[in-house]
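Student: Provided below: protein.csv, containing CSV, C-alpha atoms and all ligand atoms.
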chain,number,residue,atom,x,y,z
A,1,MET,CA,0.0,0.0,0.0
A,2,ASN,CA,1.4,3.4,-1.0
A,3,ILE,CA,-1.1,6.1,-0.2
A,4,VAL,CA,0.1,9.7,-0.5
A,5,TYR,CA,-1.5,13.0,0.6
A,6,LEU,CA,-1.9,15.8,-1.9
A,7,ASN,CA,-3.9,19.0,-1.3
A,8,GLY,CA,-6.6,17.5,0.9
A,9,GLU,CA,-6.8,14.1,-0.7
A,10,TYR,CA,-5.5,10.6,0.2
A,11,LEU,CA,-4.8,8.6,-2.9
A,12,PRO,CA,-2.5,6.0,-4.4
A,13,ALA,CA,0.9,7.4,-5.4
A,14,ASP,CA,0.5,6.7,-9.1
A,15,GLN,CA,-2.7,8.8,-9.1
A,16,ALA,CA,-1.3,11.9,-7.5
A,17,GLN,CA,-0.6,14.8,-10.0
A,18,ILE,CA,0.8,18.3,-9.7
A,19,SER,CA,1.0,21.1,-12.2
A,20,VAL,CA,4.1,21.5,-14.4
A,21,PHE,CA,4.1,25.1,-13.3
A,22,ASP,CA,4.3,24.2,-9.6
A,23,ARG,CA,7.1,26.5,-8.2
A,24,GLY,CA,8.5,23.6,-6.2
A,25,PHE,CA,9.1,21.7,-9.4
A,26,LEU,CA,10.4,24.7,-11.4
A,27,PHE,CA,12.4,26.6,-8.8
A,28,GLY,CA,12.7,24.5,-5.7
A,29,ASP,CA,10.5,27.2,-4.2
A,30,SER,CA,9.4,24.9,-1.3
A,31,VAL,CA,10.2,23.5,2.1
A,32,TYR,CA,10.1,20.1,3.6
A,33,GLU,CA,10.3,17.9,6.7
A,34,VAL,CA,11.2,14.3,7.3
A,35,ILE,CA,9.6,12.9,10.4
A,36,PRO,CA,10.0,9.3,11.8
A,37,PHE,CA,6.8,7.6,13.1
A,38,TYR,CA,7.4,4.6,15.4
A,39,GLN,CA,4.4,2.3,16.0
A,40,GLY,CA,2.3,4.9,14.3
A,41,VAL,CA,3.4,7.7,16.6
A,42,GLY,CA,5.4,10.8,15.4
A,43,PHE,CA,8.8,11.2,17.1
A,44,ARG,CA,9.5,14.8,18.1
A,45,LEU,CA,6.5,15.8,15.9
A,46,THR,CA,6.0,19.1,17.7
A,47,GLU,CA,9.6,20.1,17.1
A,48,HIS,CA,9.4,19.1,13.4
A,49,LEU,CA,6.2,21.0,12.9
A,50,ALA,CA,7.7,24.1,14.6
A,51,ARG,CA,10.7,23.9,12.2
A,52,LEU,CA,8.3,23.6,9.3
A,53,GLU,CA,6.4,26.7,10.4
A,54,TYR,CA,9.8,28.5,10.8
A,55,SER,CA,10.8,27.5,7.2
A,56,LEU,CA,7.4,28.6,5.8
A,57,ARG,CA,7.7,31.9,7.6
A,58,ALA,CA,11.2,32.5,6.3
A,59,LEU,CA,10.0,32.1,2.7
A,60,GLN,CA,6.7,33.9,3.3
A,61,ILE,CA,4.7,30.9,2.2
A,62,GLN,CA,1.3,31.3,3.8
A,63,THR,CA,-0.9,28.3,4.6
A,64,VAL,CA,-2.9,27.2,7.6
A,65,GLN,CA,-3.2,23.4,8.0
A,66,ASP,CA,-3.7,20.9,10.7
A,67,TRP,CA,-0.4,19.2,10.1
A,68,GLU,CA,-0.8,16.7,12.9
A,69,ALA,CA,-4.2,15.5,11.7
A,70,ILE,CA,-3.0,15.2,8.1
A,71,LEU,CA,0.1,13.2,9.0
A,72,ASN,CA,-1.6,10.9,11.5
A,73,LEU,CA,-4.2,10.0,9.0
A,74,LEU,CA,-1.6,9.4,6.3
A,75,VAL,CA,0.3,7.1,8.6
A,76,SER,CA,-2.8,5.1,9.6
A,77,GLN,CA,-3.8,4.9,5.9
A,78,ASN,CA,-0.4,3.3,5.3
A,79,GLY,CA,-0.8,0.7,8.0
A,80,GLY,CA,0.8,2.6,10.9
A,81,GLY,CA,4.0,1.0,12.2
A,82,ASN,CA,7.5,2.4,11.6
A,83,LEU,CA,7.4,4.9,8.8
A,84,SER,CA,9.4,7.9,7.7
A,85,VAL,CA,7.0,10.7,6.6
A,86,TYR,CA,8.1,13.2,4.0
A,87,LEU,CA,6.1,16.4,4.0
A,88,GLN,CA,6.7,19.1,1.3
A,89,VAL,CA,5.0,22.5,1.0
A,90,THR,CA,5.5,24.5,-2.2
A,91,ARG,CA,4.5,28.1,-2.9
A,92,GLY,CA,2.0,26.6,-5.5
A,93,ALA,CA,1.5,26.8,-9.2
A,94,ALA,CA,1.0,29.9,-11.3
A,95,ASP,CA,-0.3,30.0,-14.9
A,96,SER,CA,3.2,30.2,-16.4
A,97,ARG,CA,6.9,30.2,-15.4
A,98,SER,CA,8.1,33.4,-13.9
A,99,HIS,CA,10.5,34.2,-11.1
A,100,ARG,CA,8.0,36.7,-9.8
A,101,TYR,CA,5.0,35.6,-7.9
A,102,GLY,CA,1.8,37.2,-6.7
A,103,ASP,CA,-0.1,36.7,-3.5
A,104,ASP,CA,-2.9,34.7,-5.1
A,105,LEU,CA,-1.0,31.3,-5.2
A,106,SER,CA,-2.4,28.4,-3.2
A,107,PRO,CA,0.5,26.3,-1.7
A,108,THR,CA,0.8,22.6,-2.8
A,109,VAL,CA,0.9,20.2,0.2
A,110,PHE,CA,2.3,16.8,-0.4
A,111,ALA,CA,3.2,14.0,2.0
A,112,CYS,CA,4.2,10.3,1.6
A,113,CYS,CA,5.7,7.5,3.8
A,114,THR,CA,8.4,4.9,3.5
A,115,PRO,CA,9.1,2.1,5.9
A,116,ILE,CA,12.0,2.5,8.4
A,117,LYS,CA,13.7,0.4,11.0
A,118,ASP,CA,12.6,0.8,14.6
A,119,ILE,CA,15.8,2.2,15.9
A,120,TYR,CA,14.3,2.5,19.5
A,121,THR,CA,14.8,-1.3,19.8
A,122,ALA,CA,18.3,-1.3,18.4
A,123,GLY,CA,21.3,-2.2,20.5
A,124,PRO,CA,24.8,-0.5,20.0
A,125,ASP,CA,26.0,-3.5,18.0
A,126,ASP,CA,23.2,-2.9,15.4
A,127,ILE,CA,24.6,0.5,14.6
A,128,VAL,CA,27.0,0.5,11.6
A,129,PRO,CA,29.7,3.1,12.0
A,130,MET,CA,30.3,5.5,9.1
A,131,LYS,CA,33.1,6.7,6.9
A,132,VAL,CA,33.0,10.3,5.8
A,133,ILE,CA,34.8,12.7,3.6
A,134,VAL,CA,35.2,16.4,4.2
A,135,THR,CA,34.5,18.8,1.4
A,136,ALA,CA,33.5,22.5,0.6
A,137,ASP,CA,30.0,23.7,1.7
A,138,LEU,CA,28.6,24.9,-1.6
A,139,ARG,CA,25.2,26.0,-0.2
A,140,TRP,CA,23.4,29.3,0.3
A,141,HIS,CA,23.5,31.3,3.5
A,142,ARG,CA,20.0,30.3,4.8
A,143,CYS,CA,20.8,26.6,5.7
A,144,ASP,CA,18.6,27.1,8.8
A,145,VAL,CA,15.6,26.9,6.3
A,146,LYS,CA,14.8,23.4,5.3
A,147,SER,CA,14.3,24.1,1.6
A,148,THR,CA,14.1,21.5,-1.1
A,149,CYS,CA,17.0,23.2,-3.0
A,150,LEU,CA,19.3,20.3,-2.3
A,151,LEU,CA,21.6,20.2,-5.3
A,152,PRO,CA,24.8,21.0,-3.3
A,153,ASN,CA,23.8,18.4,-0.7
A,154,ILE,CA,23.3,15.9,-3.5
A,155,MET,CA,26.6,16.8,-5.1
A,156,VAL,CA,28.7,16.3,-1.9
A,157,VAL,CA,27.0,13.0,-1.0
A,158,HIS,CA,27.6,11.7,-4.5
A,159,GLN,CA,31.3,12.8,-4.1
A,160,ALA,CA,31.3,10.7,-0.8
A,161,GLN,CA,29.8,7.8,-2.6
A,162,ALA,CA,32.4,7.9,-5.3
A,163,GLN,CA,35.1,7.7,-2.6
A,164,ASP,CA,33.4,4.8,-0.9
A,165,ALA,CA,32.3,6.9,2.0
A,166,ASP,CA,28.8,7.2,3.6
A,167,GLU,CA,28.5,10.9,4.2
A,168,ALA,CA,30.1,14.2,3.3
A,169,LEU,CA,30.9,16.7,6.1
A,170,MET,CA,31.1,20.3,4.8
A,171,MET,CA,33.4,23.2,5.7
A,172,ARG,CA,32.7,26.9,5.1
A,173,ASP,CA,35.4,29.6,5.7
A,174,GLY,CA,37.5,27.1,7.5
A,175,LYS,CA,34.7,26.0,9.8
A,176,LEU,CA,32.8,22.7,10.0
A,177,THR,CA,29.1,23.2,9.3
A,178,GLU,CA,27.2,19.9,9.0
A,179,GLY,CA,26.8,16.8,6.8
A,180,SER,CA,24.8,16.6,3.6
A,181,SER,CA,21.8,15.5,5.6
A,182,CYS,CA,22.9,15.4,9.3
A,183,ASN,CA,24.5,17.5,12.1
A,184,VAL,CA,27.9,16.8,13.5
A,185,PHE,CA,29.4,16.3,17.0
A,186,ILE,CA,33.0,15.7,18.0
A,187,VAL,CA,34.4,14.6,21.4
A,188,GLN,CA,37.7,15.8,22.8
A,189,GLN,CA,38.9,14.7,26.3
A,190,GLY,CA,35.4,14.0,27.5
A,191,VAL,CA,33.8,17.2,26.1
A,192,ILE,CA,31.2,17.2,23.3
A,193,TYR,CA,31.6,20.0,20.7
A,194,THR,CA,29.2,20.9,17.9
A,195,PRO,CA,29.1,23.8,15.4
A,196,LYS,CA,27.1,26.8,16.6
A,197,ARG,CA,23.5,27.2,15.6
A,198,GLY,CA,22.9,29.9,13.0
A,199,SER,CA,22.1,30.4,9.4
A,200,GLU,CA,25.0,28.2,8.2
A,201,ILE,CA,23.4,25.0,9.6
A,202,LEU,CA,20.0,23.4,10.0
A,203,GLY,CA,18.7,23.3,13.6
A,204,GLY,CA,18.4,19.5,13.7
A,205,THR,CA,15.7,18.1,15.9
A,206,THR,CA,18.1,15.2,16.8
A,207,ARG,CA,20.9,17.7,17.5
A,208,GLU,CA,18.5,19.5,19.9
A,209,LEU,CA,17.7,16.3,21.7
A,210,ILE,CA,21.4,15.3,22.1
A,211,MET,CA,22.0,18.8,23.6
A,212,GLN,CA,19.1,18.3,26.0
A,213,LEU,CA,20.2,14.8,27.0
A,214,ALA,CA,23.8,16.0,27.6
A,215,ASP,CA,22.5,18.9,29.7
A,216,GLU,CA,20.2,16.6,31.8
A,217,HIS,CA,23.0,14.2,32.5
A,218,ALA,CA,25.7,16.7,33.2
A,219,ILE,CA,27.8,15.7,30.1
A,220,PRO,CA,29.8,18.8,29.1
A,221,LEU,CA,28.8,20.1,25.6
A,222,GLN,CA,29.8,23.3,23.9
A,223,GLU,CA,28.7,25.0,20.7
A,224,VAL,CA,32.0,26.2,19.1
A,225,ASP,CA,33.7,26.8,15.7
A,226,ILE,CA,35.5,23.6,14.6
A,227,ASP,CA,38.3,23.7,12.1
A,228,TYR,CA,39.7,20.8,10.1
A,229,GLU,CA,42.6,20.1,12.5
A,230,MET,CA,40.2,20.0,15.5
A,231,LEU,CA,37.9,17.6,13.6
A,232,LYS,CA,40.8,15.3,12.6
A,233,ALA,CA,42.3,15.3,16.1
A,234,ALA,CA,38.9,14.4,17.8
A,235,ASP,CA,38.7,11.3,20.0
A,236,GLU,CA,35.2,10.6,18.6
A,237,VAL,CA,33.0,12.0,15.8
A,238,TRP,CA,29.2,11.4,15.5
A,239,ILE,CA,26.5,12.5,13.1
A,240,SER,CA,22.8,12.9,14.0
A,241,SER,CA,19.6,12.9,12.1
A,242,SER,CA,15.9,11.9,12.6
A,243,THR,CA,16.1,8.7,10.6
A,244,ARG,CA,19.6,7.7,11.6
A,245,GLY,CA,19.6,8.8,15.3
A,246,VAL,CA,23.2,9.2,16.6
A,247,VAL,CA,25.9,7.3,14.6
A,248,PRO,CA,29.6,7.1,15.2
A,249,VAL,CA,32.1,8.1,12.5
A,250,ILE,CA,35.2,5.9,12.4
A,251,GLU,CA,37.0,7.2,9.3
A,252,ILE,CA,37.5,10.8,7.9
A,253,ASP,CA,39.2,11.3,4.6
A,254,GLY,CA,40.7,7.8,4.8
A,255,ASP,CA,42.1,8.3,8.3
A,256,GLN,CA,40.9,6.5,11.4
A,257,VAL,CA,39.0,8.6,14.1
A,258,GLY,CA,40.5,7.9,17.5
A,259,ASP,CA,41.2,4.2,17.9
A,260,GLY,CA,38.9,3.4,15.0
A,261,GLU,CA,36.1,2.0,17.3
A,262,LYS,CA,32.8,3.3,18.4
A,263,GLY,CA,33.7,5.6,21.3
A,264,PRO,CA,32.6,5.4,25.0
A,265,LEU,CA,30.8,8.8,25.0
A,266,TRP,CA,28.9,7.8,21.8
A,267,LEU,CA,27.8,4.6,23.6
A,268,ALA,CA,26.7,6.7,26.6
A,269,MET,CA,24.7,9.1,24.4
A,270,PHE,CA,23.3,6.3,22.3
A,271,GLU,CA,21.9,4.6,25.4
A,272,LEU,CA,20.4,7.9,26.7
A,273,PHE,CA,18.9,8.4,23.3
A,274,ILE,CA,17.4,4.9,23.0
A,275,ARG,CA,16.1,5.1,26.6
A,276,TYR,CA,14.4,8.5,25.8
A,277,GLN,CA,12.7,6.9,22.7
A,278,GLN,CA,11.6,3.8,24.6
A,279,LYS,CA,10.1,6.0,27.3
A,280,LEU,CA,8.1,7.9,24.7
A,281,MET,CA,6.9,4.7,23.2
A,282,THR,CA,6.1,2.7,26.3
A,283,GLY,CA,5.5,5.5,28.8
A,284,GLU,CA,7.9,3.8,31.2
B,301,LIG,N1,21.3,19.0,8.5
B,301,LIG,C1,20.8,18.7,7.3
B,301,LIG,C2,21.3,19.5,6.1
B,301,LIG,C3,19.7,17.8,7.1
B,301,LIG,O1,19.2,17.6,5.9
B,301,LIG,C4,19.2,17.2,8.3
B,301,LIG,C5,18.1,16.2,8.2
B,301,LIG,O2,17.6,15.9,7.1
B,301,LIG,C6,19.8,17.4,9.5
B,301,LIG,C7,20.8,18.3,9.6
B,301,LIG,C8,19.3,16.7,10.8
B,301,LIG,O3,18.0,17.2,11.2
B,301,LIG,P1,17.0,16.3,12.0
B,301,LIG,O4,17.8,15.8,13.2
B,301,LIG,O5,15.9,17.2,12.4
B,301,LIG,O6,16.6,15.2,11.1
Could you spell out this file's structure in structure tokens?
Ligand code: PLP
Tutor:
Amino acid sequence: MNIVYLNGEYLPADQAQISVFDRGFLFGDSVYEVIPFYQGVGFRLTEHLARLEYSLRALQIQTVQDWEAILNLLVSQNGGGNLSVYLQVTRGAADSRSHRYGDDLSPTVFACCTPIKDIYTAGPDDIVPMKVIVTADLRWHRCDVKSTCLLPNIMVVHQAQAQDADEALMMRDGKLTEGSSCNVFIVQQGVIYTPKRGSEILGGTTRELIMQLADEHAIPLQEVDIDYEMLKAADEVWISSSTRGVVPVIEIDGDQVGDGEKGPLWLAMFELFIRYQQKLMTGE
């Protein structure tokens, strides 16, 4: 079963149609969210929807929707369970292609689901560590907006793939920003460091949760500028995202990170993260 949501309707994916003049298609004039649902329940749904509203406001795309109701019904129409929900809102379709737009457009709202693994039942041995490359951040200066203009992200992850790596971490003006679809943390002598929040990175919902868990458990964490030398000298490096959780990096540009194993602070954070998820799912 593959039911999608499009502008008020729930219908099979192969019956969903949008205009060729949709500005999301022509210009990438749109924003999106990717939200995991476990056992049919949205994980950090409030945070994802707050970020969606932030992105919509930043691009002045105006629409009033009951996002929670739309997504919950979509998930149940797809059988519930463990699903990653993709939600995209474009500025809408005009009559012809023009960079300019009027205020009469009606935003296009599209959502679909794909099955995901239930990471909340995973153990640390189930997590496959990653190899990454480091490359230039080619993106615009509003990376805090979750826009669908993802060409630079696609180019760098393709570069990683060509070098037999899983992810690309990006540097701008000598500073680490984030991965193609994840945030980054490093550990040095028991302290967690992560790039500062601002317009050069996306405020990741998983990043926020890691910061909250570190704070609650008195694990030192600082938002700082990280240069290439600091990254390469780290004892541990992790990435975070909604669908991957928190994952250790064991190789950067062909060189081993620390001792080349999953690190002890990663293990501690992973366990806090899993416990947080289990508590949400079971209420215990
Ligand atoms: N940074 C970028 C560029 C991303 O695309 C993503 C997720 O897709 C993230 C960070 C992580 O955000 P979240 O933890 O909310 O999934």
Student: Which chains and residue numbers are within 7 Å of ligand LIG 301 (chain B), counting all atoms listed in the file, if I want them as a PyMOL selection string?
Tutor: chain A and resi 34+48+178-183+201-207+240-243
Student: Work out how far atom CA of Ile116 of chain A is from atom CA of Glu47 of chain A, in Å to one decimal.
Tutor: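 We find that atom CA of Glu47 of chain A and atom CA of Ile116 of chain A lie 19.8 Å from each other.
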Student: Taking all atoms listed in the file into account, name the residue in A:Leu151, A:Val157, A:Ala58, A:Val184 that is nearest to Thr135 of chain A.
Tutor: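 Among the listed residues, the smallest separation from Thr135 of chain A belongs to A:Val157.
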Student: Counting only C-alpha atoms, select every polymer residue within 12 Å of (4.1, 32.8, -11.9) as defined in the file's coordinates, and provide the selection as a VMD selection string.
Tutor: chain A and resid 20 to 24 26 to 27 29 91 to 106
Student: How many Å separate atom CA of Ile252 of chain A from atom CA of Tyr228 of chain A?
Tutor: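 So the answer is 10.5 Å.
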Student: Could you state the separation of atom CA of Trp140 of chain A and atom CA of Glu200 of chain A in Å, given to one decimal place?
Tutor: 8.1 Å
Student: For Ala168 of chain A, find every residue with an atom within 12 Å (counting all atoms listed in the file), except residues of its own chain fewer than 3 positions away, and show them as an NGL selection string.
Tutor: :A and (130-138 or 152-165 or 171 or 176-184 or 239 or 249 or 251-253)
Student: Please determine, counting only C-alpha atoms, which residue among A:Val89, A:Val75, A:Leu169, A:Ile219 has the shortest atom-to-atom distance to Gln60 of chain A.
Tutor: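 Of all the options, A:Val89 lies closest to Gln60 of chain A.
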